[in-house]
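What follows is the content of start_6.txt (compact mmCIF, C-alpha atoms and all ligand atoms).
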# COMPACT_ATOMS: atom_id res chain seq x y z
CA MET A 116 88.37 123.41 132.42
CA LYS A 117 90.93 120.63 132.71
CA LYS A 118 92.70 119.88 129.43
CA LEU A 119 91.92 116.36 128.22
CA SER A 120 94.85 113.98 127.98
CA LYS A 121 95.80 112.64 124.56
CA LYS A 122 94.29 109.32 125.53
CA GLU A 123 90.97 110.88 126.63
CA LEU A 124 90.82 112.98 123.47
CA ALA A 125 91.40 109.88 121.33
CA MET A 126 88.81 107.86 123.25
CA ASN A 127 86.16 110.55 122.72
CA ARG A 128 87.00 110.71 119.04
CA ILE A 129 86.83 106.94 118.62
CA GLU A 130 83.56 106.60 120.55
CA LYS A 131 82.00 109.23 118.32
CA HIS A 132 83.09 107.42 115.16
CA ILE A 133 83.03 103.82 116.34
CA ASP A 134 80.93 102.80 113.29
CA LEU A 135 84.05 103.29 111.16
CA PHE A 136 86.02 100.57 112.92
CA GLN A 137 85.96 96.82 112.44
CA CYS A 138 88.05 94.09 113.99
CA PRO A 139 91.14 93.32 111.86
CA VAL A 140 91.05 89.71 113.08
CA CYS A 141 87.41 88.62 112.60
CA HIS A 142 85.99 91.71 110.86
CA GLU A 143 83.16 92.07 113.40
CA THR A 144 81.95 95.43 114.66
CA MET A 145 83.72 97.01 117.62
CA SER A 146 82.85 98.89 120.76
CA ALA A 147 84.95 101.45 122.61
CA ASP A 148 85.15 101.20 126.33
CA ASP A 149 87.66 101.45 129.14
CA SER A 150 90.50 102.74 126.92
CA LYS A 151 90.21 99.94 124.42
CA LEU A 152 88.45 98.73 121.32
CA THR A 153 86.82 95.31 121.64
CA CYS A 154 84.97 93.24 119.05
CA GLN A 155 82.09 90.83 119.61
CA ASN A 156 84.60 87.97 119.68
CA ARG A 157 86.65 89.68 122.42
CA HIS A 158 89.64 90.66 120.30
CA MET A 159 91.02 93.70 122.15
CA PHE A 160 93.17 96.65 121.17
CA ASP A 161 94.40 99.08 123.81
CA LEU A 162 94.75 102.80 123.39
CA ALA A 163 98.30 103.90 124.13
CA LYS A 164 98.98 106.79 126.47
CA GLN A 165 99.79 109.00 123.47
CA GLY A 166 96.34 108.27 121.97
CA TYR A 167 97.24 105.88 119.16
CA ILE A 168 96.05 102.26 118.85
CA ASN A 169 98.12 99.32 117.74
CA MET A 170 95.81 97.17 115.61
CA VAL A 171 98.25 94.71 114.12
CA GLN A 172 98.48 91.36 115.80
CA GLN A 173 102.19 90.90 115.37
CA SER A 174 104.33 93.97 115.01
CA LYS A 175 106.53 93.92 111.98
CA LYS A 176 110.02 95.32 112.05
CA THR A 177 110.32 97.70 109.12
CA GLN A 178 113.30 99.39 107.53
CA TYR A 179 112.17 102.62 109.20
CA ASP A 180 113.22 103.43 112.75
CA GLN A 181 112.51 106.23 115.20
CA SER A 182 115.42 108.43 114.14
CA LEU A 183 114.40 108.13 110.49
CA PHE A 184 110.85 109.26 111.28
CA GLU A 185 112.16 112.14 113.42
CA ALA A 186 114.43 113.28 110.57
CA ARG A 187 111.50 112.96 108.18
CA GLN A 188 109.31 115.02 110.49
CA ARG A 189 111.89 117.81 110.82
CA LEU A 190 112.36 117.93 107.06
CA ILE A 191 108.62 118.01 106.30
CA GLN A 192 108.02 120.65 108.99
CA SER A 193 110.78 122.77 107.42
CA GLY A 194 108.57 123.01 104.33
CA PHE A 195 110.36 120.64 101.95
CA TYR A 196 107.06 119.26 100.61
CA ASN A 197 105.07 122.53 100.78
CA GLN A 198 104.39 122.60 97.05
CA LEU A 199 102.89 119.11 97.28
CA MET A 200 100.71 120.14 100.22
CA ILE A 201 99.41 123.20 98.38
CA GLN A 202 98.39 121.07 95.39
CA ILE A 203 96.77 118.29 97.44
CA GLU A 204 94.86 120.81 99.51
CA SER A 205 93.53 122.50 96.40
CA LEU A 206 92.44 119.11 94.97
CA LEU A 207 90.57 118.39 98.19
CA GLN A 208 89.08 121.84 98.72
CA SER A 209 86.05 121.45 96.46
CA ARG A 210 85.19 117.93 97.68
CA ASN A 211 83.60 116.18 100.56
CA THR A 212 86.45 115.46 102.96
CA ASP A 213 84.46 114.46 106.06
CA PHE A 214 86.36 111.20 106.52
CA LEU A 215 89.96 111.17 105.38
CA LEU A 216 92.48 108.33 105.50
CA ASP A 217 96.24 108.71 105.06
CA ALA A 218 97.36 105.21 104.09
CA GLY A 219 101.03 104.77 104.99
CA CYS A 220 101.11 108.08 106.87
CA GLY A 221 104.59 107.63 108.39
CA GLU A 222 105.22 110.27 111.07
CA GLY A 223 101.97 112.08 110.26
CA SER A 224 103.04 115.59 109.16
CA HIS A 225 101.32 115.50 105.78
CA LEU A 226 97.95 114.45 107.18
CA ALA A 227 98.19 116.85 110.13
CA GLN A 228 98.87 119.71 107.74
CA ILE A 229 96.04 118.75 105.38
CA LEU A 230 93.56 118.52 108.27
CA ASP A 231 94.47 122.09 109.24
CA THR A 232 93.18 123.33 105.91
CA VAL A 233 90.23 121.12 104.83
CA ASP A 234 86.85 120.65 106.53
CA HIS A 235 86.57 117.25 108.09
CA GLN A 236 84.94 115.17 110.78
CA LEU A 237 87.74 112.66 111.20
CA GLY A 238 91.22 112.16 109.82
CA VAL A 239 92.91 108.80 110.32
CA GLY A 240 96.56 108.01 109.70
CA VAL A 241 97.57 104.36 109.36
CA ASP A 242 101.07 102.96 109.15
CA ILE A 243 102.59 99.58 109.83
CA ALA A 244 105.64 101.12 111.52
CA LYS A 245 104.89 101.63 115.20
CA GLU A 246 107.78 104.13 115.44
CA GLY A 247 106.10 106.29 112.79
CA ILE A 248 102.73 106.26 114.53
CA GLN A 249 104.33 106.99 117.91
CA THR A 250 106.14 109.99 116.42
CA ALA A 251 102.86 111.17 114.83
CA ALA A 252 100.86 110.77 118.04
CA LYS A 253 103.50 112.60 120.07
CA THR A 254 103.38 115.61 117.78
CA TYR A 255 99.86 115.88 116.38
CA GLU A 256 96.49 115.70 118.12
CA ASN A 257 94.22 116.49 115.19
CA ALA A 258 94.05 112.94 113.76
CA GLN A 259 93.54 109.41 114.97
CA TRP A 260 96.77 107.47 114.58
CA ILE A 261 96.69 103.71 114.10
CA VAL A 262 99.34 101.06 113.69
CA GLY A 263 97.79 98.95 110.97
CA ASP A 264 98.55 96.95 107.84
CA LEU A 265 97.27 98.30 104.54
CA ALA A 266 96.53 94.72 103.54
CA ASN A 267 93.97 94.40 106.34
CA THR A 268 92.87 97.72 107.76
CA PRO A 269 90.55 97.95 110.79
CA PHE A 270 87.85 99.99 109.03
CA THR A 271 84.39 99.24 107.65
CA ASP A 272 83.50 99.19 103.94
CA LYS A 273 83.02 102.62 102.33
CA ALA A 274 84.25 104.41 105.43
CA PHE A 275 86.22 107.19 103.71
CA ASP A 276 85.57 110.10 101.36
CA ALA A 277 89.23 110.39 100.43
CA ILE A 278 92.28 108.18 100.75
CA ILE A 279 95.69 109.84 100.52
CA ASN A 280 98.70 107.65 99.79
CA ILE A 281 101.96 109.56 99.65
CA LEU A 282 105.19 107.83 98.57
CA SER A 283 103.94 104.65 100.26
CA PRO A 284 102.95 101.19 99.09
CA SER A 285 99.29 100.71 98.18
CA ASN A 286 96.78 97.97 98.55
CA TYR A 287 94.21 98.77 95.89
CA GLN A 288 91.79 95.96 96.79
CA GLU A 289 91.65 97.39 100.29
CA PHE A 290 91.40 100.99 99.05
CA THR A 291 88.47 99.96 96.81
CA ARG A 292 86.72 98.42 99.80
CA LEU A 293 87.33 101.46 102.03
CA ILE A 294 86.37 104.25 99.68
CA LYS A 295 82.82 105.57 99.36
CA ASP A 296 81.26 105.32 95.89
CA SER A 297 81.67 109.09 95.54
CA GLY A 298 85.15 109.07 97.11
CA ILE A 299 88.60 109.64 95.64
CA VAL A 300 92.04 108.13 95.97
CA ILE A 301 95.00 110.50 95.80
CA LYS A 302 98.27 108.70 95.20
CA VAL A 303 101.61 110.51 95.10
CA VAL A 304 104.48 108.86 93.27
CA PRO A 305 108.02 110.04 92.50
CA GLY A 306 108.61 111.69 89.14
CA PRO A 307 111.71 111.04 86.99
CA ASN A 308 113.73 113.81 88.64
CA TYR A 309 112.70 113.28 92.26
CA LEU A 310 115.80 113.85 94.44
CA LYS A 311 117.92 113.58 91.33
CA GLU A 312 120.89 115.22 93.08
CA LEU A 313 120.98 112.23 95.46
CA ARG A 314 120.30 109.63 92.77
CA GLU A 315 123.19 111.00 90.69
CA GLN A 316 125.57 110.45 93.59
CA ILE A 317 124.22 107.12 94.78
CA PHE A 318 123.48 105.37 91.50
CA ALA A 319 126.06 106.97 89.20
CA GLY A 320 126.53 104.81 86.13
CA THR A 321 123.74 102.34 86.99
CA ASN A 322 120.30 102.15 85.43
CA GLN A 323 118.69 103.34 88.66
CA GLU A 324 119.74 106.94 88.11
CA GLY A 325 116.42 107.72 86.44
CA TYR A 326 113.00 106.53 87.44
CA SER A 327 109.84 105.90 85.47
CA ASN A 328 106.46 105.67 87.13
CA GLU A 329 104.51 104.34 84.15
CA GLU A 330 104.15 100.86 85.64
CA THR A 331 102.73 102.36 88.81
CA VAL A 332 100.29 104.44 86.79
CA ALA A 333 99.21 101.41 84.75
CA ARG A 334 98.53 99.44 87.91
CA PHE A 335 96.57 102.30 89.45
CA LYS A 336 94.42 102.37 86.31
CA GLN A 337 93.54 98.69 86.70
CA PHE A 338 91.63 99.59 89.85
CA PHE A 339 90.48 103.20 89.42
CA HIS A 340 89.40 105.62 86.74
CA LEU A 341 92.28 108.03 86.55
CA THR A 342 90.34 111.28 86.59
CA HIS A 343 93.28 113.62 86.91
CA ARG A 344 97.06 113.65 87.09
CA GLU A 345 99.35 116.55 87.80
CA ASN A 346 103.02 117.20 88.43
CA VAL A 347 104.56 118.76 91.47
CA TYR A 348 107.85 120.46 90.79
CA ASP A 349 110.03 122.54 93.06
CA GLU A 350 113.69 123.19 93.65
CA VAL A 351 114.27 123.47 97.37
CA THR A 352 117.27 125.06 99.01
CA LEU A 353 118.19 123.24 102.19
CA THR A 354 120.54 124.07 105.02
CA GLU A 355 123.25 121.48 105.70
CA GLY A 356 121.22 120.28 108.70
CA GLN A 357 118.12 119.81 106.56
CA PHE A 358 120.21 118.07 103.89
CA HIS A 359 121.40 115.66 106.54
CA ASP A 360 117.78 114.99 107.55
CA LEU A 361 116.97 114.36 103.89
CA ILE A 362 119.68 111.76 103.37
CA GLN A 363 118.78 110.14 106.66
CA MET A 364 115.07 109.92 105.98
CA THR A 365 114.97 108.71 102.39
CA PRO A 366 114.83 104.99 101.57
CA LEU A 367 117.22 105.80 98.67
CA THR A 368 120.22 105.88 101.00
CA GLN A 369 119.47 102.55 102.68
CA GLY A 370 122.68 100.63 103.25
CA ILE A 371 124.83 103.54 102.09
CA ASP A 372 127.47 105.33 104.12
CA LEU A 373 125.84 108.76 104.58
CA SER A 374 129.22 110.47 104.92
CA SER A 375 129.94 109.55 101.28
CA ILE A 376 127.13 111.83 100.08
CA ASN A 377 128.11 115.42 99.38
CA PHE A 378 125.97 118.39 100.29
CA VAL A 379 124.32 119.84 97.18
CA GLU A 380 121.69 122.45 96.63
CA PRO A 381 119.02 123.00 95.54
CA ILE A 382 117.26 119.63 95.73
CA THR A 383 114.66 118.70 93.14
CA LEU A 384 111.19 117.80 94.28
CA ASP A 385 109.51 116.08 91.35
CA LEU A 386 106.33 114.16 92.11
CA GLU A 387 103.19 113.15 90.35
CA ILE A 388 99.72 113.18 91.87
CA LEU A 389 97.25 110.58 90.56
CA VAL A 390 93.58 111.07 91.35
CA GLY A 391 91.28 108.07 90.96
CA LYS A 392 87.62 107.23 91.38
CA LYS A 393 85.86 103.87 91.50
C1 LIG A 401 108.55 106.45 102.33
S1 LIG A 401 107.48 106.27 103.72
C2 LIG A 401 106.28 107.55 103.41
C3 LIG A 401 105.56 107.99 104.64
C4 LIG A 401 104.66 109.25 104.50
N1 LIG A 401 103.55 109.02 103.61
C5 LIG A 401 105.49 110.42 104.03
O1 LIG A 401 105.35 110.82 102.87
O2 LIG A 401 106.26 110.95 104.83
C6 LIG A 401 106.57 104.77 103.39
C7 LIG A 401 105.68 104.34 104.56
O3 LIG A 401 104.87 103.21 104.17
C8 LIG A 401 104.71 102.42 105.34
N2 LIG A 401 104.25 101.06 104.96
C9 LIG A 401 104.93 100.13 104.22
N3 LIG A 401 104.20 98.99 104.12
C10 LIG A 401 103.03 99.21 104.79
C11 LIG A 401 101.88 98.41 105.05
N4 LIG A 401 101.77 97.16 104.58
N5 LIG A 401 100.88 98.94 105.79
C12 LIG A 401 100.98 100.21 106.28
N6 LIG A 401 102.05 101.02 106.06
C13 LIG A 401 103.06 100.53 105.33
C14 LIG A 401 106.08 102.45 105.96
O4 LIG A 401 106.07 102.03 107.31
C15 LIG A 401 106.46 103.92 105.78
O5 LIG A 401 106.08 104.72 106.88
ZN ZN A 402 87.48 90.21 116.37
Structure encoded using structure tokens:
Amino acid sequence: MKKLSKKELAMNRIEKHIDLFQCPVCHETMSADDSKLTCQNRHMFDLAKQGYINMVQQSKKTQYDQSLFEARQRLIQSGFYNQLMIQIESLLQSRNTDFLLDAGCGEGSHLAQILDTVDHQLGVGVDIAKEGIQTAAKTYENAQWIVGDLANTPFTDKAFDAIINILSPSNYQEFTRLIKDSGIVIKVVPGPNYLKELREQIFAGTNQEGYSNEETVARFKQFFHLTHRENVYDEVTLTEGQFHDLIQMTPLTQGIDLSSINFVEPITLDLEILVGKK
């Protein structure tokens, strides 16, 4: 049998789950036809050749470019965040994960990996950076990738059983709208020692050397019952190539001459997982 193209695969997937989509412009229901999504008011969104859909009206230039997402993808694929993946997968294992959203999915590796291990009907990755979604769609076929704004996502109310939000901004009003009554939100935030070997070099002597996430936790609690929180801690030995990917892909080094950062090992992975329910 002929292998379906990425675009055909995506079209089949979207047709099957069309009830999940709504127009980001007028919020009407959508239909899938002729390689595009169209609402009752004729707002149209084309499927790209790689199978993703751009559903923002005006693309926004973000601080993240193609080479950053490619570096991020190589680093994640090398296993840098494996400990985080193991813990998220075990949190999801005993739950209904039919419809999963990765909000701010970047280049898609986390979601793709999670979908390989949990039962699901549909996984959707949304990010505002087109370069991230293109990189995701090029590499992974097991999710639907969408360029979208977390402030106004193209999905119906109560569409998802779980929302994952890893090291990305949140929009809690929108998450509350999107999550089923029985659903959960899993937010991952940096812990005080996250990438401390880089922070020590970049922020030496300033008050940014450490990091507290208590404000983030307090805000999360304004919207959700915090049912569980757990730490993720690992010390990861990187090759020099992987270290270079790390300094290239982290927002920490923005505006900094990368050649001024010295190779150090191991690197501390210190994160906190917050689990919330409505
Ligand atoms: C540090 S990256 C993390 C990406 C991914 N979750 C990961 O862990 O590799 C933050 C991501 O949030 C995305 N982002 C920022 N604002 C957004 C918004 N309003 N809507 C959707 N995505 C957004 C960025 O484009 C970026 O890909
Ligand atoms: Zn519309």
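Of the residues under consideration (A:Val140, A:Ile248, A:Ile191, A:Leu293), A:Leu293 shows the shortest atom-to-atom contact distance to A:Leu216 when counting only C-alpha atoms.
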> Which protein, DNA or RNA residues have an atom within 7 Å of ligand ZN 402 (chain A), counting only C-alpha atoms and all ligand atoms, as a ChimeraX atom specification?
Replying inline: /A:138-143,154-158
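Closest approach to A:Gln316 from the set A:Val303, A:Asn328, A:Asn286, A:Val379 is made by A:Val379, with distances taken over only C-alpha atoms.
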> Which of these, A:Pro307, A:Gly391, A:Pro269, A:Pro381, has the shortest distance to A:Phe136 once you count all atoms listed in the file?
Replying inline: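 Once distances to A:Phe136 are computed over all atoms listed in the file, the minimum belongs to A:Pro269.
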Axis-aligned box for all listed atoms of stretch 333-350 of chain A, 4 Å per side, centre and edges in Å to one decimal, as AutoDock Vina command-line options:
--center_x 101.5 --center_y 110.9 --center_z 89.2 --size_x 32.3 --size_y 32.5 --size_z 16.9
Identify, on the basis of all atoms listed in the file, every residue whose closest approach to A:Leu152 does not exceed 12 Å; exclude the query and any residue fewer than 2 positions from it along the same chain; express the result as a PDB file with C-alpha atoms, in the coordinates of the input.
ATOM      1  CA  ALA A 125      91.400 109.880 121.330  1.00  0.00           C
ATOM      2  CA  MET A 126      88.810 107.860 123.250  1.00  0.00           C
ATOM      3  CA  ILE A 129      86.830 106.940 118.620  1.00  0.00           C
ATOM      4  CA  GLU A 130      83.560 106.600 120.550  1.00  0.00           C
ATOM      5  CA  HIS A 132      83.090 107.420 115.160  1.00  0.00           C
ATOM      6  CA  ILE A 133      83.030 103.820 116.340  1.00  0.00           C
ATOM      7  CA  ASP A 134      80.930 102.800 113.290  1.00  0.00           C
ATOM      8  CA  LEU A 135      84.050 103.290 111.160  1.00  0.00           C
ATOM      9  CA  PHE A 136      86.020 100.570 112.920  1.00  0.00           C
ATOM     10  CA  GLN A 137      85.960  96.820 112.440  1.00  0.00           C
ATOM     11  CA  CYS A 138      88.050  94.090 113.990  1.00  0.00           C
ATOM     12  CA  PRO A 139      91.140  93.320 111.860  1.00  0.00           C
ATOM     13  CA  GLU A 143      83.160  92.070 113.400  1.00  0.00           C
ATOM     14  CA  THR A 144      81.950  95.430 114.660  1.00  0.00           C
ATOM     15  CA  MET A 145      83.720  97.010 117.620  1.00  0.00           C
ATOM     16  CA  SER A 146      82.850  98.890 120.760  1.00  0.00           C
ATOM     17  CA  ALA A 147      84.950 101.450 122.610  1.00  0.00           C
ATOM     18  CA  ASP A 148      85.150 101.200 126.330  1.00  0.00           C
ATOM     19  CA  ASP A 149      87.660 101.450 129.140  1.00  0.00           C
ATOM     20  CA  SER A 150      90.500 102.740 126.920  1.00  0.00           C
ATOM     21  CA  CYS A 154      84.970  93.240 119.050  1.00  0.00           C
ATOM     22  CA  GLN A 155      82.090  90.830 119.610  1.00  0.00           C
ATOM     23  CA  ASN A 156      84.600  87.970 119.680  1.00  0.00           C
ATOM     24  CA  ARG A 157      86.650  89.680 122.420  1.00  0.00           C
ATOM     25  CA  HIS A 158      89.640  90.660 120.300  1.00  0.00           C
ATOM     26  CA  MET A 159      91.020  93.700 122.150  1.00  0.00           C
ATOM     27  CA  PHE A 160      93.170  96.650 121.170  1.00  0.00           C
ATOM     28  CA  ASP A 161      94.400  99.080 123.810  1.00  0.00           C
ATOM     29  CA  LEU A 162      94.750 102.800 123.390  1.00  0.00           C
ATOM     30  CA  ALA A 163      98.300 103.900 124.130  1.00  0.00           C
ATOM     31  CA  TYR A 167      97.240 105.880 119.160  1.00  0.00           C
ATOM     32  CA  ILE A 168      96.050 102.260 118.850  1.00  0.00           C
ATOM     33  CA  ASN A 169      98.120  99.320 117.740  1.00  0.00           C
ATOM     34  CA  MET A 170      95.810  97.170 115.610  1.00  0.00           C
ATOM     35  CA  PRO A 269      90.550  97.950 110.790  1.00  0.00           C
TER      36      PRO A 269
END
> If we count all atoms listed in the file, what is near A:Gly306 at a cut-off of 12 Å, once residues fewer than 3 positions away on the same chain are taken out, given as a ChimeraX atom specification?
Replying inline: /A:282,303,309-311,325-329,331-332,344-349,383-389
> With all atoms listed in the file as the basis for distance, which of A:Ile376, A:Val171, A:Ile201, A:Ala186 is at the shortest distance from A:Asp264?
Replying inline: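 Among the listed residues, A:Val171 lies closest to A:Asp264.
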Site check for ligand LIG 401 (chain A): residues at most 6 Å away, all atoms listed in the file, as a short mmCIF file (atom, residue, chain, number, x, y, z; two decimals) with C-alpha atoms, keeping the file's coordinate frame:
data_model
loop_
_atom_site.label_atom_id
_atom_site.label_comp_id
_atom_site.auth_asym_id
_atom_site.auth_seq_id
_atom_site.Cartn_x
_atom_site.Cartn_y
_atom_site.Cartn_z
CA GLY A 219 101.03 104.77 104.99
CA CYS A 220 101.11 108.08 106.87
CA GLY A 221 104.59 107.63 108.39
CA ASP A 242 101.07 102.96 109.15
CA ILE A 243 102.59 99.58 109.83
CA ALA A 244 105.64 101.12 111.52
CA GLY A 263 97.79 98.95 110.97
CA ASP A 264 98.55 96.95 107.84
CA LEU A 265 97.27 98.30 104.54
CA ALA A 266 96.53 94.72 103.54
CA ILE A 281 101.96 109.56 99.65
CA LEU A 282 105.19 107.83 98.57
CA SER A 283 103.94 104.65 100.26
CA PRO A 284 102.95 101.19 99.09
#
>> Just to confirm, what's the straight-line distance from atom CA of A:Leu199 to atom CA of A:Met364 in Å (one decimal)?
In response: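 Atom CA of A:Met364 lies 17.6 Å from atom CA of A:Leu199.
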>> For a quick check of your reading of the model, name the residues lying within 7 Å of the coordinate (94.9, 114.0, 97.1), counting all atoms listed in the file, and write them as a PyMOL selection string.
In response: chain A and resi 203+206-207+279+300-302+390
>> Could you list, as a PyMOL selection string, every residue within 9 Å of A:Ile229, counting all atoms listed in the file and ignoring same-chain residues fewer than 4 positions away?
In response: chain A and resi 200-201+203-204+224-225+233
>> Just checking: using all atoms listed in the file, which residue out of A:Asn267, A:Thr368, A:Ser297, A:Gln357 ends up closest to A:Arg210?
In response: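 Under the stated criterion, the closest residue is A:Ser297.
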>> From (88.4, 111.6, 106.8), in the file's coordinates, out to 8 Å: which residues are reached, counting only C-alpha atoms? Answer as an MDAnalysis selection string.
In response: chainID A and resid 212:216 235:239 275:278
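For the choices A:Met116, A:Gln192, A:Ile261, A:Glu350, the atom-to-atom distance to A:Glu380 is smallest for A:Glu350 when using only C-alpha atoms.
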>> I'd like the neighbourhood of A:Lys122 as a list in words, where a residue qualifies if any of its atoms comes within 6 Å (using all atoms listed in the file), though same-chain residues fewer than 6 positions away should be ignored.
In response: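 The neighbour list is Lys164, Gln165 and Gly166 of chain A.
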> Between atom CA of A:Gln228 and atom CA of A:Asn197, what is the spacing in Å?
Replying inline: 9.7 Å
> Separation of atom CA of A:Asn377 and atom CA of A:Asp180, in Å?
Replying inline: 23.3 Å
As a short mmCIF file (atom, residue, chain, number, x, y, z; two decimals), in the coordinates of the input, please: stretch 170-182 of chain A completed to N, CA, C and O atoms.
data_model
loop_
_atom_site.label_atom_id
_atom_site.label_comp_id
_atom_site.auth_asym_id
_atom_site.auth_seq_id
_atom_site.Cartn_x
_atom_site.Cartn_y
_atom_site.Cartn_z
N MET A 170 96.81 98.15 116.06
CA MET A 170 95.81 97.17 115.61
C MET A 170 96.39 96.10 114.70
O MET A 170 95.68 95.51 113.90
N VAL A 171 97.70 95.88 114.79
CA VAL A 171 98.25 94.71 114.12
C VAL A 171 98.54 93.65 115.18
O VAL A 171 98.92 93.98 116.29
N GLN A 172 98.33 92.43 114.81
CA GLN A 172 98.48 91.36 115.80
C GLN A 172 99.93 91.12 116.14
O GLN A 172 100.30 90.97 117.29
N GLN A 173 100.76 91.08 115.11
CA GLN A 173 102.19 90.90 115.37
C GLN A 173 102.92 92.07 114.76
O GLN A 173 102.81 92.29 113.55
N SER A 174 103.65 92.82 115.61
CA SER A 174 104.33 93.97 115.01
C SER A 174 105.38 93.49 114.04
O SER A 174 106.03 92.46 114.26
N LYS A 175 105.51 94.27 112.97
CA LYS A 175 106.53 93.92 111.98
C LYS A 175 107.66 94.92 112.10
O LYS A 175 107.42 96.11 112.23
N LYS A 176 108.87 94.42 112.06
CA LYS A 176 110.02 95.32 112.05
C LYS A 176 110.14 95.84 110.62
O LYS A 176 110.17 95.08 109.67
N THR A 177 110.18 97.16 110.47
CA THR A 177 110.32 97.70 109.12
C THR A 177 111.71 98.31 108.97
O THR A 177 112.47 98.37 109.94
N GLN A 178 111.99 98.77 107.77
CA GLN A 178 113.30 99.39 107.53
C GLN A 178 113.38 100.79 108.17
O GLN A 178 114.42 101.42 108.16
N TYR A 179 112.23 101.26 108.67
CA TYR A 179 112.17 102.62 109.20
C TYR A 179 112.23 102.60 110.72
O TYR A 179 111.45 101.93 111.37
N ASP A 180 113.16 103.37 111.29
CA ASP A 180 113.22 103.43 112.75
C ASP A 180 112.88 104.83 113.24
O ASP A 180 112.62 105.75 112.46
N GLN A 181 112.90 104.98 114.56
CA GLN A 181 112.51 106.23 115.20
C GLN A 181 113.30 107.43 114.67
O GLN A 181 112.73 108.47 114.35
N SER A 182 114.62 107.27 114.54
CA SER A 182 115.42 108.43 114.14
C SER A 182 115.12 108.82 112.69
O SER A 182 115.14 109.99 112.33
#
